[in-house]
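Visitor: Quick one, protein.pdb (PDB, C-alpha atoms):
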ATOM      1  CA  ARG I   1      47.463 -26.682  89.358  1.00  0.00           C
ATOM      2  CA  PRO I   2      46.125 -29.674  87.400  1.00  0.00           C
ATOM      3  CA  GLY I   3      46.218 -29.768  83.608  1.00  0.00           C
ATOM      4  CA  GLN I   4      43.293 -28.633  81.479  1.00  0.00           C
ATOM      5  CA  PHE I   5      42.161 -29.604  78.007  1.00  0.00           C
ATOM      6  CA  PHE I   6      39.946 -27.991  75.381  1.00  0.00           C
ATOM      7  CA  LEU I   7      38.484 -29.164  72.070  1.00  0.00           C
ATOM      8  CA  TYR I   8      38.651 -26.574  69.306  1.00  0.00           C
ATOM      9  CA  TYR I   9      38.906 -26.033  65.577  1.00  0.00           C
ATOM     10  CA  GLU I  10      40.694 -23.298  63.702  1.00  0.00           C
ATOM     11  CA  THR I  11      38.406 -20.806  62.054  1.00  0.00           C
ATOM     12  CA  PRO I  12      38.708 -20.676  58.270  1.00  0.00           C
ATOM     13  CA  LYS I  13      40.188 -17.719  56.442  1.00  0.00           C
ATOM     14  CA  GLU I  14      37.731 -14.949  55.734  1.00  0.00           C
ATOM     15  CA  GLY I  15      35.379 -15.882  52.918  1.00  0.00           C
ATOM     16  CA  GLU I  16      36.121 -19.609  53.072  1.00  0.00           C
ATOM     17  CA  ILE I  17      33.312 -22.044  53.829  1.00  0.00           C
ATOM     18  CA  PRO I  18      34.785 -25.366  54.938  1.00  0.00           C
ATOM     19  CA  MET I  19      33.147 -28.660  54.020  1.00  0.00           C
ATOM     20  CA  SER I  20      34.503 -30.059  57.288  1.00  0.00           C
ATOM     21  CA  VAL I  21      36.607 -28.856  60.212  1.00  0.00           C
ATOM     22  CA  ASN I  22      39.669 -30.405  61.786  1.00  0.00           C
ATOM     23  CA  LEU I  23      39.157 -30.814  65.512  1.00  0.00           C
ATOM     24  CA  LYS I  24      42.114 -30.440  67.830  1.00  0.00           C
ATOM     25  CA  VAL I  25      42.839 -30.878  71.511  1.00  0.00           C
ATOM     26  CA  ALA I  26      44.709 -28.166  73.367  1.00  0.00           C
ATOM     27  CA  TYR I  27      46.219 -29.330  76.627  1.00  0.00           C
ATOM     28  CA  ARG I  28      47.609 -26.889  79.189  1.00  0.00           C
ATOM     29  CA  ASN I  29      49.894 -28.755  81.555  1.00  0.00           C
ATOM     30  CA  SER I  30      50.686 -27.863  85.163  1.00  0.00           C
ATOM     31  CA  ASP I  31      53.686 -25.794  83.931  1.00  0.00           C
ATOM     32  CA  ASN I  32      51.206 -23.651  81.938  1.00  0.00           C
ATOM     33  CA  GLN I  33      52.548 -24.936  78.594  1.00  0.00           C
ATOM     34  CA  ALA I  34      49.954 -25.269  75.826  1.00  0.00           C
ATOM     35  CA  LEU I  35      50.261 -28.375  73.654  1.00  0.00           C
ATOM     36  CA  HIS I  36      48.098 -28.934  70.576  1.00  0.00           C
ATOM     37  CA  TYR I  37      47.163 -32.331  69.099  1.00  0.00           C
ATOM     38  CA  PRO I  38      44.964 -33.153  66.091  1.00  0.00           C
ATOM     39  CA  ILE I  39      42.013 -35.521  66.385  1.00  0.00           C
ATOM     40  CA  ARG I  40      41.895 -38.016  63.541  1.00  0.00           C
ATOM     41  CA  CYS I  41      38.983 -40.094  62.354  1.00  0.00           C
ATOM     42  CA  PHE I  42      39.610 -43.647  61.140  1.00  0.00           C
ATOM     43  CA  GLN I  43      37.201 -46.070  59.544  1.00  0.00           C
ATOM     44  CA  GLY I  44      37.202 -49.307  61.536  1.00  0.00           C
ATOM     45  CA  THR I  45      36.908 -52.779  60.059  1.00  0.00           C
ATOM     46  CA  ASP I  46      33.403 -52.763  61.515  1.00  0.00           C
ATOM     47  CA  GLY I  47      32.527 -49.791  59.262  1.00  0.00           C
ATOM     48  CA  GLN I  48      32.234 -47.476  62.262  1.00  0.00           C
ATOM     49  CA  SER I  49      34.177 -44.227  62.671  1.00  0.00           C
ATOM     50  CA  HIS I  50      36.811 -44.157  65.412  1.00  0.00           C
ATOM     51  CA  TYR I  51      38.464 -41.021  66.787  1.00  0.00           C
ATOM     52  CA  VAL I  52      41.939 -40.739  68.273  1.00  0.00           C
ATOM     53  CA  VAL I  53      44.073 -37.876  69.617  1.00  0.00           C
ATOM     54  CA  MET I  54      47.364 -38.040  67.716  1.00  0.00           C
ATOM     55  CA  GLN I  55      49.920 -37.290  70.433  1.00  0.00           C
ATOM     56  CA  ASN I  56      52.746 -38.847  68.400  1.00  0.00           C
ATOM     57  CA  ASP I  57      53.147 -41.042  65.313  1.00  0.00           C
ATOM     58  CA  HIS I  58      51.389 -43.950  67.027  1.00  0.00           C
ATOM     59  CA  ALA I  59      47.632 -44.156  67.440  1.00  0.00           C
ATOM     60  CA  GLY I  60      46.424 -43.865  71.028  1.00  0.00           C
ATOM     61  CA  LYS I  61      43.133 -44.818  72.627  1.00  0.00           C
ATOM     62  CA  MET I  62      40.300 -44.961  70.086  1.00  0.00           C
ATOM     63  CA  PHE I  63      36.782 -43.679  70.724  1.00  0.00           C
ATOM     64  CA  THR I  64      33.568 -44.304  68.800  1.00  0.00           C
ATOM     65  CA  SER I  65      32.363 -40.719  69.252  1.00  0.00           C
ATOM     66  CA  ILE I  66      33.654 -37.234  70.002  1.00  0.00           C
ATOM     67  CA  PRO I  67      31.498 -37.073  73.191  1.00  0.00           C
ATOM     68  CA  SER I  68      33.141 -40.262  74.522  1.00  0.00           C
ATOM     69  CA  LEU I  69      36.592 -38.828  73.714  1.00  0.00           C
ATOM     70  CA  ALA I  70      35.719 -35.596  75.548  1.00  0.00           C
ATOM     71  CA  LYS I  71      34.327 -37.521  78.528  1.00  0.00           C
ATOM     72  CA  HIS I  72      37.533 -39.563  78.793  1.00  0.00           C
ATOM     73  CA  TYR I  73      39.768 -36.487  78.795  1.00  0.00           C
ATOM     74  CA  SER I  74      37.501 -34.557  81.178  1.00  0.00           C
ATOM     75  CA  GLN I  75      37.769 -37.457  83.647  1.00  0.00           C
ATOM     76  CA  LEU I  76      41.571 -37.268  83.397  1.00  0.00           C
ATOM     77  CA  GLU I  77      41.340 -33.545  84.110  1.00  0.00           C
ATOM     78  CA  ASN I  78      38.896 -34.071  87.002  1.00  0.00           C
ATOM     79  CA  PRO I  79      39.302 -37.561  88.507  1.00  0.00           C
ATOM     80  CA  SER I  80      36.305 -37.018  90.824  1.00  0.00           C
ATOM     81  CA  VAL I  81      33.950 -37.306  87.805  1.00  0.00           C
ATOM     82  CA  SER I  82      32.391 -40.776  87.828  1.00  0.00           C
ATOM     83  CA  ASN I  83      31.591 -42.951  84.797  1.00  0.00           C
TER      84      ASN I  83
END
Once more with this new file: its structure as structure tokens, please.

Guide:
Amino acid sequence: RPGQFFLYYETPKEGEIPMSVNLKVAYRNSDNQALHYPIRCFQGTDGQSHYVVMQNDHAGKMFTSIPSLAKHYSQLENPSVSN
């Protein structure tokens, strides 16, 4: 079975109203293990926001939007999806 990924955020504790939410990627590999990685936002030198899935201490592929990040990972999950 191929791997699957999901974007999610943790719900705040009861009564808390967050000013922002921390998005994460959950990846379920072919061995049915669930791995969780935070998505970080960085300000580029061009003044634009860039998003990256932090799989380790080193920054990975950067995206200019959450939809482009999701599209990239959905294509990895389903290689038949075209650009």

Visitor: What's the separation between atom CA of Val52 of chain I and atom CA of Glu10 of chain I, in Å to one decimal place?

Guide: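 Going from atom CA of Val52 of chain I over to atom CA of Glu10 of chain I covers 18.1 Å.
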
Visitor: For a test of reading the model, state the distance in Å between atom CA of Leu69 of chain I and atom CA of Val21 of chain I, rounded to one decimal.

Guide: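 Atom-to-atom, atom CA of Leu69 of chain I and atom CA of Val21 of chain I are spaced 16.8 Å apart.
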
Visitor: Atom CA of Val25 of chain I and atom CA of Tyr51 of chain I, how far apart in Å?

Guide: 12.0 Å

Visitor: Gln43 of chain I: which residues within 12 Å, counting all atoms listed in the file, same-chain residues fewer than 5 positions away excluded, as a ChimeraX atom specification?

Guide: /I:48-52,62-64

Visitor: Please provide the set of residues having any atom within 8 Å of Tyr9 of chain I, restricted to all atoms listed in the file, with same-chain residues fewer than 3 positions apart removed, written as a ChimeraX atom specification.

Guide: /I:21-24

Visitor: Write a file of the selected residues as a short mmCIF file (atom, residue, chain, number, x, y, z; two decimals), in the frame of the given file, keeping C-alpha atoms.

Guide:
data_model
loop_
_atom_site.label_atom_id
_atom_site.label_comp_id
_atom_site.auth_asym_id
_atom_site.auth_seq_id
_atom_site.Cartn_x
_atom_site.Cartn_y
_atom_site.Cartn_z
CA VAL I 21 36.61 -28.86 60.21
CA ASN I 22 39.67 -30.40 61.79
CA LEU I 23 39.16 -30.81 65.51
CA LYS I 24 42.11 -30.44 67.83
#

Visitor: Point out the residue among I:Lys61, I:Gln75, I:Gly3, I:Gly15 with the least atom-to-atom distance to Arg40 of chain I, counting only C-alpha atoms.

Guide: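 Residue with the minimum atom-to-atom distance to Arg40 of chain I: I:Lys61.
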
Visitor: Would you kindly translate the PyMOL selection byres ((chain I and resi 27) around 12) into the concrete residues it picks from this file, as a list in words?

Guide: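 Given this file, the PyMOL selection byres ((chain I and resi 27) around 12) evaluates to Pro2, Gly3, Gln4, Phe5, Phe6, Leu7, Tyr8, Lys24, Val25, Ala26, Arg28, Asn29, Ser30, Asp31, Asn32, Gln33, Ala34, Leu35, His36, Tyr37, Pro38, Val53, Gln55, Tyr73, Ser74, Leu76 and Glu77 of chain I.
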
Visitor: Using only C-alpha atoms, can you tell me which of I:Pro18, I:Pro67, I:Met54, I:Pro12 comes closest to Phe42 of chain I?

Guide: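 So, comparing all the options, the nearest one is I:Met54.
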